[in-house]
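Notes for the one structure printed next.
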2 protein chains.
Amino acid sequence: MNSGVVLDLNQLRRHCSVCALHELCLPAGIDRQAMERLDDVVRDRRTLEKGKPLFRQGDVFHALYVVRSGSLKTYVESPTGESQILGFSLPGELVGVDALANDRHLCSAEALERTSVCELPFGQLDRVAREVPALNRQLLRVISREVAAEQHHLVTMGKQQAQERLATFLRSLSERYGRLSRDPNTLTLPMSRYDIANYLGLVVETVSRLFGRMENAGVLEVSRKTIRILRPDLLTALCNGSSEAVPESSQVRTPRS
Amino acid sequence: MNSGVVLDLNQLRRHCSVCALHELCLPAGIDRQAMERLDDVVRDRRTLEKGKPLFRQGDVFHALYVVRSGSLKTYVESPTGESQILGFSLPGELVGVDALANDRHLCSAEALERTSVCELPFGQLDRVAREVPALNRQLLRVISREVAAEQHHLVTMGKQQAQERLATFLRSLSERYGRLSRDPNTLTLPMSRYDIANYLGLVVETVSRLFGRMENAGVLEVSRKTIRILRPDLLTALCNGSSEAVPESSQVRTPRS
DNA sequence: CGCAGTCTTGATGGACATCAATGGTTGTGG
DNA sequence: CCACAACCATTGATGTCCATCAAGACTGCG
């Protein structure tokens, strides 16, 4: 077997300084020496199979995580068993921040596909961040990004119609794919329609219908998990409720303020 | 005039160590010496009249704020002029965290009544936090609280019916009033019905009707800005959709998952 | 193959938005 | 102090977006 070689590659890749994501992630804007200190914090990366939990609501908190490859969903479950998806995490994105306040995770995180993450035990991260001010600052920056993303989601849920929500969701994915230097107009969705619907506060039938509608409006090409954005301009327009190009049911709409 | 005396009181009150809120706020769990360092960070508190902005979406970021007395709303405005309220801030609560990522505020904050805040210029806060690890840790904790509150709001928007949303909102206020050692069952709402509706993703008429419904179900006593919670137990039940005690329109409901 | 999970499409209904009208409250200026 | 305006709050009648119910097609896996 070639497990020796694989191990070497893993060892090599372990270091932040050679990680393809280091411009997006915690190391951003940190000098080489500090980055080596950061490497001490990053424990073995963990790999999760599809559907496996990274942590569960109620677990005691001991580490933050950064997605390395693959993707996660985070969600909360109510006592009655229904769940609400809070977000999806792509490579370079931080997970677990909500647990800093109570030393317990308030939500669960689960792999949507085979996914690997960097584990940052918080005690060590805290200690190194103290010695490396730039790292501490960057940590706050990344956490603040999380806050901003949640705010954006809230606006979507509070003010937008179903179609605008889906358009906004796709735009967001597209933009993040772009940052990862993937083709921003060819999305391979790691999550199910159920997950998308749940995330957007809709039901799966509605999402399915909207995909259909956007497809025969020429905005998208939908083929199961693969979405091609044919008209990014129209997609952007749909985010703001510009309702050109929608055959189903003639449209007059006045949004609530 | 007695302005000299008032000034002395203000001077006295300025210090975190004698602030009535220090158990809830940044100083929590910090020793006396460290608290004096924190005092150096807290610049003059500012007082805002009702309706006045603390900061506006797009402003450059230079400070975090803690509400001292009164209350704020934070909201984002879309290019089309509609707005979404993200939250209301009561004494002891932190405002402005979303700006850490981009050095610009992503939302606006405005006083709902005569309100005073402590201003924490971020440069100094960052510097002192570096020297006082416990403060840094507490800062993260308080920020994390913000994240958790937003998550809670998201679940409300994604999964709950109108009545459950309003009940959840009132419960949350009641709890926070309790922490401030006010009567948790007598709420004096600083915000308008429009604000409540906006915050909950509803329209004002719906909120008004729901207040009416809950009133003649015996859960509340509603008198303009003053809400008395007569049956806290029923209010809690309403948060989970237990729809006992609702005269209007007989009820069968199955929530979306 | 068969079965379970996922996705799509159609028909119906309900929760809440919209439209409309009125009364109450607050603030301002003569 | 009153009059006026601007805003806030309540209540009723109507409409619509999307959830619900139902059924079928497709995919993937043991």
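Identifiers for the structure tokens are assigned positionally: chains receive A, B, ... in sequence, residues are indexed from 1 per chain, and ligands are indexed from 1 in the order shown.
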
Do me a favour and pick out the residues of chain C within 9 Å of chain A, using only C-alpha atoms (C1' of nucleotides), as a short mmCIF file (atom, residue, chain, number, x, y, z; two decimals) with all heavy atoms, in the first residue's frame.
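Written out: part-v1.cif:
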```cif
data_model
loop_
_atom_site.label_atom_id
_atom_site.label_comp_id
_atom_site.auth_asym_id
_atom_site.auth_seq_id
_atom_site.Cartn_x
_atom_site.Cartn_y
_atom_site.Cartn_z
P DT C 6 -33.81 11.93 1.71
OP1 DT C 6 -32.53 12.49 2.18
OP2 DT C 6 -35.07 12.20 2.44
"O5'" DT C 6 -34.02 12.39 0.20
"C5'" DT C 6 -33.08 11.99 -0.79
"C4'" DT C 6 -33.57 12.44 -2.14
"O4'" DT C 6 -34.71 11.65 -2.53
"C3'" DT C 6 -34.04 13.90 -2.20
"O3'" DT C 6 -33.26 14.57 -3.18
"C2'" DT C 6 -35.51 13.82 -2.59
"C1'" DT C 6 -35.58 12.46 -3.26
N1 DT C 6 -36.92 11.80 -3.26
C2 DT C 6 -37.52 11.55 -4.48
O2 DT C 6 -37.00 11.82 -5.55
N3 DT C 6 -38.76 10.94 -4.39
C4 DT C 6 -39.42 10.58 -3.23
O4 DT C 6 -40.52 10.04 -3.29
C5 DT C 6 -38.74 10.88 -2.00
C7 DT C 6 -39.38 10.55 -0.70
C6 DT C 6 -37.52 11.48 -2.08
P DC C 7 -33.38 16.12 -3.41
OP1 DC C 7 -32.07 16.57 -3.90
OP2 DC C 7 -33.98 16.70 -2.19
"O5'" DC C 7 -34.45 16.25 -4.59
"C5'" DC C 7 -34.18 15.62 -5.83
"C4'" DC C 7 -35.41 15.70 -6.70
"O4'" DC C 7 -36.43 14.85 -6.15
"C3'" DC C 7 -36.06 17.08 -6.83
"O3'" DC C 7 -35.87 17.55 -8.15
"C2'" DC C 7 -37.54 16.84 -6.48
"C1'" DC C 7 -37.67 15.33 -6.61
N1 DC C 7 -38.75 14.73 -5.77
C2 DC C 7 -39.84 14.10 -6.40
O2 DC C 7 -39.89 14.08 -7.63
N3 DC C 7 -40.81 13.54 -5.63
C4 DC C 7 -40.72 13.59 -4.30
N4 DC C 7 -41.70 13.03 -3.59
C5 DC C 7 -39.62 14.22 -3.64
C6 DC C 7 -38.66 14.77 -4.41
P DT C 8 -36.47 18.96 -8.60
OP1 DT C 8 -35.65 19.46 -9.72
OP2 DT C 8 -36.68 19.80 -7.41
"O5'" DT C 8 -37.89 18.55 -9.18
"C5'" DT C 8 -37.96 17.61 -10.24
"C4'" DT C 8 -39.41 17.31 -10.57
"O4'" DT C 8 -40.03 16.65 -9.45
"C3'" DT C 8 -40.27 18.52 -10.89
"O3'" DT C 8 -40.75 18.40 -12.22
"C2'" DT C 8 -41.40 18.48 -9.85
"C1'" DT C 8 -41.39 17.03 -9.43
N1 DT C 8 -41.89 16.75 -8.06
C2 DT C 8 -43.04 16.02 -7.90
O2 DT C 8 -43.68 15.58 -8.84
N3 DT C 8 -43.41 15.82 -6.60
C4 DT C 8 -42.75 16.27 -5.46
O4 DT C 8 -43.19 16.01 -4.34
C5 DT C 8 -41.56 17.03 -5.71
C7 DT C 8 -40.76 17.55 -4.54
C6 DT C 8 -41.17 17.23 -6.97
P DT C 9 -41.36 19.63 -12.99
OP1 DT C 9 -41.09 19.44 -14.44
OP2 DT C 9 -40.94 20.86 -12.31
"O5'" DT C 9 -42.93 19.47 -12.76
"C5'" DT C 9 -43.55 18.24 -13.12
"C4'" DT C 9 -44.98 18.22 -12.63
"O4'" DT C 9 -45.01 17.84 -11.23
"C3'" DT C 9 -45.75 19.54 -12.71
"O3'" DT C 9 -46.91 19.34 -13.51
"C2'" DT C 9 -46.10 19.88 -11.27
"C1'" DT C 9 -46.09 18.51 -10.63
N1 DT C 9 -45.84 18.50 -9.17
C2 DT C 9 -46.64 17.73 -8.36
O2 DT C 9 -47.56 17.05 -8.78
N3 DT C 9 -46.33 17.79 -7.03
C4 DT C 9 -45.31 18.54 -6.45
O4 DT C 9 -45.13 18.50 -5.23
C5 DT C 9 -44.52 19.32 -7.35
C7 DT C 9 -43.41 20.15 -6.83
C6 DT C 9 -44.82 19.26 -8.66
P DA C 17 -48.30 39.13 7.55
OP1 DA C 17 -46.86 38.98 7.79
OP2 DA C 17 -49.16 39.80 8.54
"O5'" DA C 17 -48.50 39.87 6.14
"C5'" DA C 17 -48.07 39.21 4.97
"C4'" DA C 17 -48.69 39.85 3.74
"O4'" DA C 17 -50.09 39.48 3.66
"C3'" DA C 17 -48.66 41.37 3.71
"O3'" DA C 17 -48.34 41.81 2.40
"C2'" DA C 17 -50.06 41.79 4.16
"C1'" DA C 17 -50.92 40.63 3.68
N9 DA C 17 -52.04 40.33 4.57
C8 DA C 17 -51.98 40.01 5.89
N7 DA C 17 -53.16 39.76 6.43
C5 DA C 17 -54.06 39.93 5.37
C6 DA C 17 -55.46 39.82 5.29
N6 DA C 17 -56.24 39.50 6.32
N1 DA C 17 -56.03 40.06 4.09
C2 DA C 17 -55.23 40.39 3.05
N3 DA C 17 -53.91 40.52 3.01
C4 DA C 17 -53.38 40.28 4.21
P DT C 18 -48.12 43.31 2.09
OP1 DT C 18 -47.19 43.36 0.96
OP2 DT C 18 -47.82 44.02 3.35
"O5'" DT C 18 -49.54 43.82 1.58
"C5'" DT C 18 -50.12 43.21 0.45
"C4'" DT C 18 -51.54 43.72 0.28
"O4'" DT C 18 -52.36 43.23 1.36
"C3'" DT C 18 -51.68 45.23 0.28
"O3'" DT C 18 -52.25 45.62 -0.94
"C2'" DT C 18 -52.58 45.54 1.47
"C1'" DT C 18 -53.33 44.22 1.64
N1 DT C 18 -53.85 43.92 3.00
C2 DT C 18 -55.19 43.71 3.17
O2 DT C 18 -55.99 43.77 2.26
N3 DT C 18 -55.58 43.44 4.45
C4 DT C 18 -54.77 43.34 5.57
O4 DT C 18 -55.23 43.08 6.67
C5 DT C 18 -53.37 43.58 5.33
C7 DT C 18 -52.39 43.50 6.46
C6 DT C 18 -52.98 43.84 4.08
#
```

Could you give me, as a PyMOL selection string, each residue of stretch 120-250 of chain B that DSSP assigns to alpha helix (DSSP H) when run on this structure's backbone?
chain B and resi 122-131+133-159+162-179+193-200+204-215+232-239

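The smallest atom-to-atom distance between A:Arg104 and any of B:Leu170, B:Ala28, B:Ile196, B:Ala148, using only C-alpha atoms, is found for B:Ala148.
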
With all Cα atoms paired residue by residue, do a least-squares superposition of chain A on chain B and hand back the transformed coordinates as an mmCIF file with C-alpha atoms, in the first residue's frame.
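This is the output file part.cif:
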```
data_model
loop_
_atom_site.group_PDB
_atom_site.id
_atom_site.type_symbol
_atom_site.label_atom_id
_atom_site.label_comp_id
_atom_site.auth_asym_id
_atom_site.auth_seq_id
_atom_site.Cartn_x
_atom_site.Cartn_y
_atom_site.Cartn_z
ATOM 1 C CA MET A 1 -27.752 75.572 38.899
ATOM 2 C CA ASN A 2 -26.670 72.252 40.295
ATOM 3 C CA SER A 3 -24.687 71.152 37.272
ATOM 4 C CA GLY A 4 -21.677 70.692 39.493
ATOM 5 C CA VAL A 5 -23.415 68.039 41.525
ATOM 6 C CA VAL A 6 -24.707 66.233 38.440
ATOM 7 C CA LEU A 7 -21.238 66.182 37.019
ATOM 8 C CA ASP A 8 -19.892 64.622 40.170
ATOM 9 C CA LEU A 9 -22.512 61.925 40.038
ATOM 10 C CA ASN A 10 -21.625 61.221 36.437
ATOM 11 C CA GLN A 11 -17.984 60.984 37.323
ATOM 12 C CA LEU A 12 -18.791 58.574 40.062
ATOM 13 C CA ARG A 13 -21.027 56.459 37.915
ATOM 14 C CA ARG A 14 -18.584 56.350 35.102
ATOM 15 C CA HIS A 15 -16.610 53.544 36.627
ATOM 16 C CA CYS A 16 -17.379 49.970 35.685
ATOM 17 C CA SER A 17 -16.764 48.793 39.215
ATOM 18 C CA VAL A 18 -19.748 50.708 40.552
ATOM 19 C CA CYS A 19 -21.998 50.231 37.553
ATOM 20 C CA ALA A 20 -25.195 48.346 38.293
ATOM 21 C CA LEU A 21 -24.737 46.399 35.090
ATOM 22 C CA HIS A 22 -21.243 45.147 35.620
ATOM 23 C CA GLU A 23 -22.321 41.592 36.218
ATOM 24 C CA LEU A 24 -24.038 41.436 32.838
ATOM 25 C CA CYS A 25 -21.578 43.391 30.814
ATOM 26 C CA LEU A 26 -17.962 43.272 29.778
ATOM 27 C CA PRO A 27 -16.567 43.525 33.302
ATOM 28 C CA ALA A 28 -18.210 40.245 34.338
ATOM 29 C CA GLY A 29 -15.724 37.913 35.933
ATOM 30 C CA ILE A 30 -12.873 40.379 35.901
ATOM 31 C CA ASP A 31 -10.908 41.387 38.953
ATOM 32 C CA ARG A 32 -10.809 44.866 40.411
ATOM 33 C CA GLN A 33 -7.475 45.804 38.979
ATOM 34 C CA ALA A 34 -8.419 44.742 35.472
ATOM 35 C CA MET A 35 -11.637 46.652 35.797
ATOM 36 C CA GLU A 36 -9.717 49.822 36.366
ATOM 37 C CA ARG A 37 -7.840 49.192 33.156
ATOM 38 C CA LEU A 38 -11.182 48.746 31.448
ATOM 39 C CA ASP A 39 -12.274 52.100 32.793
ATOM 40 C CA ASP A 40 -9.533 53.679 30.740
ATOM 41 C CA VAL A 41 -11.177 52.326 27.634
ATOM 42 C CA VAL A 42 -14.645 53.577 28.352
ATOM 43 C CA ARG A 43 -14.836 56.980 26.890
ATOM 44 C CA ASP A 44 -17.469 59.492 27.949
ATOM 45 C CA ARG A 45 -20.821 57.971 27.690
ATOM 46 C CA ARG A 46 -23.043 59.492 25.088
ATOM 47 C CA THR A 47 -26.685 60.331 25.520
ATOM 48 C CA LEU A 48 -29.101 60.105 22.627
ATOM 49 C CA GLU A 49 -32.545 61.560 22.328
ATOM 50 C CA LYS A 50 -35.377 59.396 21.027
ATOM 51 C CA GLY A 51 -35.028 58.726 17.324
ATOM 52 C CA LYS A 52 -31.393 59.799 17.136
ATOM 53 C CA PRO A 53 -28.871 57.511 15.454
ATOM 54 C CA LEU A 54 -25.913 56.048 17.307
ATOM 55 C CA PHE A 55 -24.322 55.086 14.006
ATOM 56 C CA ARG A 56 -25.492 54.546 10.468
ATOM 57 C CA GLN A 57 -25.052 51.787 7.981
ATOM 58 C CA GLY A 58 -21.875 52.596 6.047
ATOM 59 C CA ASP A 59 -20.227 54.665 8.790
ATOM 60 C CA VAL A 60 -16.597 53.817 9.425
ATOM 61 C CA PHE A 61 -16.188 51.713 12.483
ATOM 62 C CA HIS A 62 -14.315 53.034 15.447
ATOM 63 C CA ALA A 63 -16.082 51.873 18.568
ATOM 64 C CA LEU A 64 -18.311 49.272 20.123
ATOM 65 C CA TYR A 65 -21.109 50.406 22.389
ATOM 66 C CA VAL A 66 -22.866 49.093 25.444
ATOM 67 C CA VAL A 67 -26.312 50.338 26.346
ATOM 68 C CA ARG A 68 -26.350 51.888 29.777
ATOM 69 C CA SER A 69 -29.948 53.000 30.046
ATOM 70 C CA GLY A 70 -32.786 53.220 27.558
ATOM 71 C CA SER A 71 -32.865 51.095 24.434
ATOM 72 C CA LEU A 72 -31.860 50.902 20.788
ATOM 73 C CA LYS A 73 -33.011 49.233 17.622
ATOM 74 C CA THR A 74 -30.555 48.025 14.999
ATOM 75 C CA TYR A 75 -31.697 47.635 11.417
ATOM 76 C CA VAL A 76 -30.528 47.390 7.847
ATOM 77 C CA GLU A 77 -31.950 49.355 4.959
ATOM 78 C CA SER A 78 -32.136 47.905 1.482
ATOM 79 C CA PRO A 79 -31.385 50.106 -1.531
ATOM 80 C CA THR A 80 -35.130 50.160 -2.227
ATOM 81 C CA GLY A 81 -35.748 51.923 1.075
ATOM 82 C CA GLU A 82 -37.387 49.145 3.064
ATOM 83 C CA SER A 83 -35.783 48.190 6.318
ATOM 84 C CA GLN A 84 -35.480 45.131 8.491
ATOM 85 C CA ILE A 85 -34.995 45.436 12.218
ATOM 86 C CA LEU A 86 -32.365 42.997 13.438
ATOM 87 C CA GLY A 87 -32.785 43.442 17.132
ATOM 88 C CA PHE A 88 -33.475 45.617 20.138
ATOM 89 C CA SER A 89 -30.746 46.359 22.675
ATOM 90 C CA LEU A 90 -31.430 46.764 26.363
ATOM 91 C CA PRO A 91 -29.052 47.924 29.103
ATOM 92 C CA GLY A 92 -25.925 45.809 29.381
ATOM 93 C CA GLU A 93 -26.076 44.641 25.757
ATOM 94 C CA LEU A 94 -23.339 45.143 23.186
ATOM 95 C CA VAL A 95 -23.871 46.849 19.847
ATOM 96 C CA GLY A 96 -21.737 47.183 16.737
ATOM 97 C CA VAL A 97 -20.080 43.799 16.412
ATOM 98 C CA ASP A 98 -20.977 43.329 12.765
ATOM 99 C CA ALA A 99 -18.579 46.144 11.880
ATOM 100 C CA LEU A 100 -15.430 44.357 13.032
ATOM 101 C CA ALA A 101 -15.071 42.483 9.758
ATOM 102 C CA ASN A 102 -15.130 45.367 7.313
ATOM 103 C CA ASP A 103 -14.325 48.409 9.408
ATOM 104 C CA ARG A 104 -17.714 49.715 8.389
ATOM 105 C CA HIS A 105 -21.064 49.400 10.052
ATOM 106 C CA LEU A 106 -23.391 47.121 8.134
ATOM 107 C CA CYS A 107 -26.449 48.233 10.036
ATOM 108 C CA SER A 108 -27.801 51.352 11.684
ATOM 109 C CA ALA A 109 -28.566 51.821 15.367
ATOM 110 C CA GLU A 110 -31.103 54.299 16.696
ATOM 111 C CA ALA A 111 -32.429 55.224 20.110
ATOM 112 C CA LEU A 112 -36.004 54.186 20.870
ATOM 113 C CA GLU A 113 -36.150 56.566 23.818
ATOM 114 C CA ARG A 114 -33.706 58.779 25.688
ATOM 115 C CA THR A 115 -30.749 56.443 25.873
ATOM 116 C CA SER A 116 -27.214 56.531 27.145
ATOM 117 C CA VAL A 117 -24.392 54.293 26.029
ATOM 118 C CA CYS A 118 -20.792 53.578 26.934
ATOM 119 C CA GLU A 119 -18.483 54.056 24.006
ATOM 120 C CA LEU A 120 -15.556 51.664 23.729
ATOM 121 C CA PRO A 121 -13.115 52.890 21.078
ATOM 122 C CA PHE A 122 -11.975 49.683 19.493
ATOM 123 C CA GLY A 123 -8.289 50.477 19.267
ATOM 124 C CA GLN A 124 -8.038 50.916 23.005
ATOM 125 C CA LEU A 125 -10.315 48.018 23.793
ATOM 126 C CA ASP A 126 -8.171 45.781 21.625
ATOM 127 C CA ARG A 127 -5.004 46.960 23.313
ATOM 128 C CA VAL A 128 -6.268 46.512 26.850
ATOM 129 C CA ALA A 129 -7.860 43.164 25.997
ATOM 130 C CA ARG A 130 -4.421 42.016 24.899
ATOM 131 C CA GLU A 131 -3.008 42.802 28.294
ATOM 132 C CA VAL A 132 -5.956 41.396 30.192
ATOM 133 C CA PRO A 133 -6.728 37.907 28.892
ATOM 134 C CA ALA A 134 -9.852 37.602 30.977
ATOM 135 C CA LEU A 135 -11.249 40.673 29.282
ATOM 136 C CA ASN A 136 -10.481 39.296 25.863
ATOM 137 C CA ARG A 137 -12.232 36.074 26.734
ATOM 138 C CA GLN A 138 -15.237 37.941 28.051
ATOM 139 C CA LEU A 139 -15.395 40.032 24.913
ATOM 140 C CA LEU A 140 -15.622 36.873 22.841
ATOM 141 C CA ARG A 141 -18.271 35.564 25.173
ATOM 142 C CA VAL A 142 -20.401 38.642 24.778
ATOM 143 C CA ILE A 143 -20.013 38.610 21.016
ATOM 144 C CA SER A 144 -20.977 34.965 20.959
ATOM 145 C CA ARG A 145 -24.113 35.879 22.859
ATOM 146 C CA GLU A 146 -24.986 38.161 19.976
ATOM 147 C CA VAL A 147 -24.549 35.320 17.533
ATOM 148 C CA ALA A 148 -26.780 33.093 19.634
ATOM 149 C CA ALA A 149 -29.475 35.746 19.832
ATOM 150 C CA GLU A 150 -29.463 36.123 16.075
ATOM 151 C CA GLN A 151 -29.742 32.394 15.629
ATOM 152 C CA HIS A 152 -32.737 32.392 17.893
ATOM 153 C CA HIS A 153 -34.329 35.127 15.844
ATOM 154 C CA LEU A 154 -33.679 33.126 12.691
ATOM 155 C CA VAL A 155 -35.505 30.113 14.046
ATOM 156 C CA THR A 156 -38.410 32.347 14.925
ATOM 157 C CA MET A 157 -38.554 33.724 11.408
ATOM 158 C CA GLY A 158 -38.116 30.396 9.705
ATOM 159 C CA LYS A 159 -40.365 28.085 11.611
ATOM 160 C CA GLN A 160 -42.912 29.939 13.673
ATOM 161 C CA GLN A 161 -46.421 31.191 12.983
ATOM 162 C CA ALA A 162 -47.329 34.793 13.636
ATOM 163 C CA GLN A 163 -48.743 34.142 17.097
ATOM 164 C CA GLU A 164 -45.778 32.063 18.178
ATOM 165 C CA ARG A 165 -43.450 34.794 16.978
ATOM 166 C CA LEU A 166 -45.113 37.444 19.071
ATOM 167 C CA ALA A 167 -45.204 35.156 22.097
ATOM 168 C CA THR A 168 -41.514 34.366 21.652
ATOM 169 C CA PHE A 169 -40.726 38.056 21.384
ATOM 170 C CA LEU A 170 -42.568 38.882 24.595
ATOM 171 C CA ARG A 171 -40.971 35.966 26.439
ATOM 172 C CA SER A 172 -37.542 37.176 25.398
ATOM 173 C CA LEU A 173 -38.244 40.698 26.589
ATOM 174 C CA SER A 174 -39.650 39.393 29.829
ATOM 175 C CA GLU A 175 -36.566 37.327 30.489
ATOM 176 C CA ARG A 176 -34.241 40.222 29.781
ATOM 177 C CA TYR A 177 -36.282 42.525 31.990
ATOM 178 C CA GLY A 178 -35.902 39.942 34.705
ATOM 179 C CA ARG A 179 -32.119 39.949 34.388
ATOM 180 C CA LEU A 180 -32.222 43.708 34.822
ATOM 181 C CA SER A 181 -34.213 43.132 38.015
ATOM 182 C CA ARG A 182 -37.301 44.731 36.634
ATOM 183 C CA ASP A 183 -40.662 43.061 36.952
ATOM 184 C CA PRO A 184 -40.612 40.445 34.187
ATOM 185 C CA ASN A 185 -44.383 40.466 33.929
ATOM 186 C CA THR A 186 -44.834 44.163 33.379
ATOM 187 C CA LEU A 187 -43.312 45.176 30.084
ATOM 188 C CA THR A 188 -43.083 48.777 29.029
ATOM 189 C CA LEU A 189 -42.399 48.549 25.348
ATOM 190 C CA PRO A 190 -40.069 51.244 24.064
ATOM 191 C CA MET A 191 -40.765 50.351 20.436
ATOM 192 C CA SER A 192 -43.839 50.933 18.269
ATOM 193 C CA ARG A 193 -46.107 48.226 16.888
ATOM 194 C CA TYR A 194 -44.551 48.948 13.527
ATOM 195 C CA ASP A 195 -41.144 48.098 14.919
ATOM 196 C CA ILE A 196 -42.392 44.896 16.495
ATOM 197 C CA ALA A 197 -44.073 43.854 13.278
ATOM 198 C CA ASN A 198 -41.007 44.638 11.229
ATOM 199 C CA TYR A 199 -38.748 42.771 13.618
ATOM 200 C CA LEU A 200 -40.971 39.687 13.419
ATOM 201 C CA GLY A 201 -41.452 39.757 9.657
ATOM 202 C CA LEU A 202 -45.126 40.649 9.943
ATOM 203 C CA VAL A 203 -47.287 43.691 9.308
ATOM 204 C CA VAL A 204 -48.615 46.005 11.943
ATOM 205 C CA GLU A 205 -52.235 44.902 11.566
ATOM 206 C CA THR A 206 -51.317 41.338 12.344
ATOM 207 C CA VAL A 207 -49.465 42.326 15.491
ATOM 208 C CA SER A 208 -52.354 44.442 16.627
ATOM 209 C CA ARG A 209 -54.828 41.618 16.093
ATOM 210 C CA LEU A 210 -52.584 39.176 17.950
ATOM 211 C CA PHE A 211 -52.343 41.464 20.946
ATOM 212 C CA GLY A 212 -56.096 41.626 20.918
ATOM 213 C CA ARG A 213 -56.467 37.888 20.676
ATOM 214 C CA MET A 214 -54.002 37.203 23.466
ATOM 215 C CA GLU A 215 -55.666 39.789 25.613
ATOM 216 C CA ASN A 216 -59.129 38.306 25.479
ATOM 217 C CA ALA A 217 -57.630 34.881 25.909
ATOM 218 C CA GLY A 218 -56.535 36.153 29.308
ATOM 219 C CA VAL A 219 -52.829 35.802 28.625
ATOM 220 C CA LEU A 220 -52.038 39.503 28.524
ATOM 221 C CA GLU A 221 -53.411 42.814 29.562
ATOM 222 C CA VAL A 222 -52.609 45.264 26.818
ATOM 223 C CA SER A 223 -52.724 48.960 27.343
ATOM 224 C CA ARG A 224 -50.868 50.806 24.680
ATOM 225 C CA LYS A 225 -47.162 50.582 25.557
ATOM 226 C CA THR A 226 -47.729 48.663 28.747
ATOM 227 C CA ILE A 227 -48.124 44.923 28.546
ATOM 228 C CA ARG A 228 -48.891 42.910 31.622
ATOM 229 C CA ILE A 229 -48.319 39.207 31.406
ATOM 230 C CA LEU A 230 -51.135 37.629 33.374
ATOM 231 C CA ARG A 231 -50.377 34.014 32.520
ATOM 232 C CA PRO A 232 -46.659 33.452 31.910
ATOM 233 C CA ASP A 233 -47.314 29.724 31.611
ATOM 234 C CA LEU A 234 -49.755 30.210 28.750
ATOM 235 C CA LEU A 235 -47.399 32.624 27.059
ATOM 236 C CA THR A 236 -44.666 30.016 27.145
ATOM 237 C CA ALA A 237 -47.066 27.453 25.744
ATOM 238 C CA LEU A 238 -47.913 29.755 22.870
ATOM 239 C CA CYS A 239 -44.245 29.935 21.883
ATOM 240 C CA ASN A 240 -44.358 26.288 20.917
ATOM 241 C CA GLY A 241 -47.629 26.537 19.089
ATOM 242 C CA SER A 242 -49.745 25.017 21.820
ATOM 243 C CA SER A 243 -52.914 26.681 20.710
ATOM 244 C CA GLU A 244 -55.113 26.373 23.735
ATOM 245 C CA ALA A 245 -56.866 29.567 24.614
ATOM 246 C CA VAL A 246 -57.411 31.185 21.251
ATOM 247 C CA PRO A 247 -60.975 32.131 20.446
ATOM 248 C CA GLU A 248 -60.416 33.474 16.917
ATOM 249 C CA SER A 249 -60.853 30.851 14.207
ATOM 250 C CA SER A 250 -60.853 27.226 15.321
ATOM 251 C CA GLN A 251 -57.468 25.709 15.040
ATOM 252 C CA VAL A 252 -55.779 22.826 13.331
ATOM 253 C CA ARG A 253 -52.176 23.367 12.481
ATOM 254 C CA THR A 254 -49.303 21.306 11.233
ATOM 255 C CA PRO A 255 -45.982 23.092 11.245
ATOM 256 C CA ARG A 256 -43.553 22.766 8.371
ATOM 257 C CA SER A 257 -40.459 20.793 9.149
#
```

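Distance criterion 8 Å to chain B, applied with only C-alpha atoms (C1' of nucleotides), yields DC8, DA9, DT10 and DA19 of chain D on chain D.
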
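When DSSP reads the backbone of this structure, the residues of stretch 202-248 of chain B it assigns to strand (DSSP E) are Leu220, Glu221, Val222, Ser223, Thr226, Ile227, Arg228 and Ile229 of chain B.
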
Please save C-alpha atoms of the selected residues as a short mmCIF file (atom, residue, chain, number, x, y, z; two decimals), in the first residue's frame.
```cif
data_model
loop_
_atom_site.label_atom_id
_atom_site.label_comp_id
_atom_site.auth_asym_id
_atom_site.auth_seq_id
_atom_site.Cartn_x
_atom_site.Cartn_y
_atom_site.Cartn_z
CA LEU B 220 -52.03 39.55 28.53
CA GLU B 221 -53.41 42.87 29.57
CA VAL B 222 -52.59 45.30 26.80
CA SER B 223 -52.71 49.00 27.32
CA THR B 226 -47.72 48.71 28.71
CA ILE B 227 -48.11 44.96 28.52
CA ARG B 228 -48.88 42.97 31.61
CA ILE B 229 -48.30 39.28 31.41
#
```

The distance between atom C1' of D:DC7 and atom C1' of C:DG30 is 21.2 Å

List the spatial neighbours of D:DG28 as a PyMOL selection string - criterion: any atom at most 12 Å away, only C-alpha atoms (C1' of nucleotides), same-chain residues fewer than 6 positions off excluded.
chain C and resi 3-6

Would you mind listing what lies within 9 Å of stretch 20-22 of chain D as a list in words, with only C-alpha atoms (C1' of nucleotides) counted and same-chain residues fewer than 5 positions away left out?
Thr254 of chain B; DG10, DA11, DT12 and DG13 of chain C
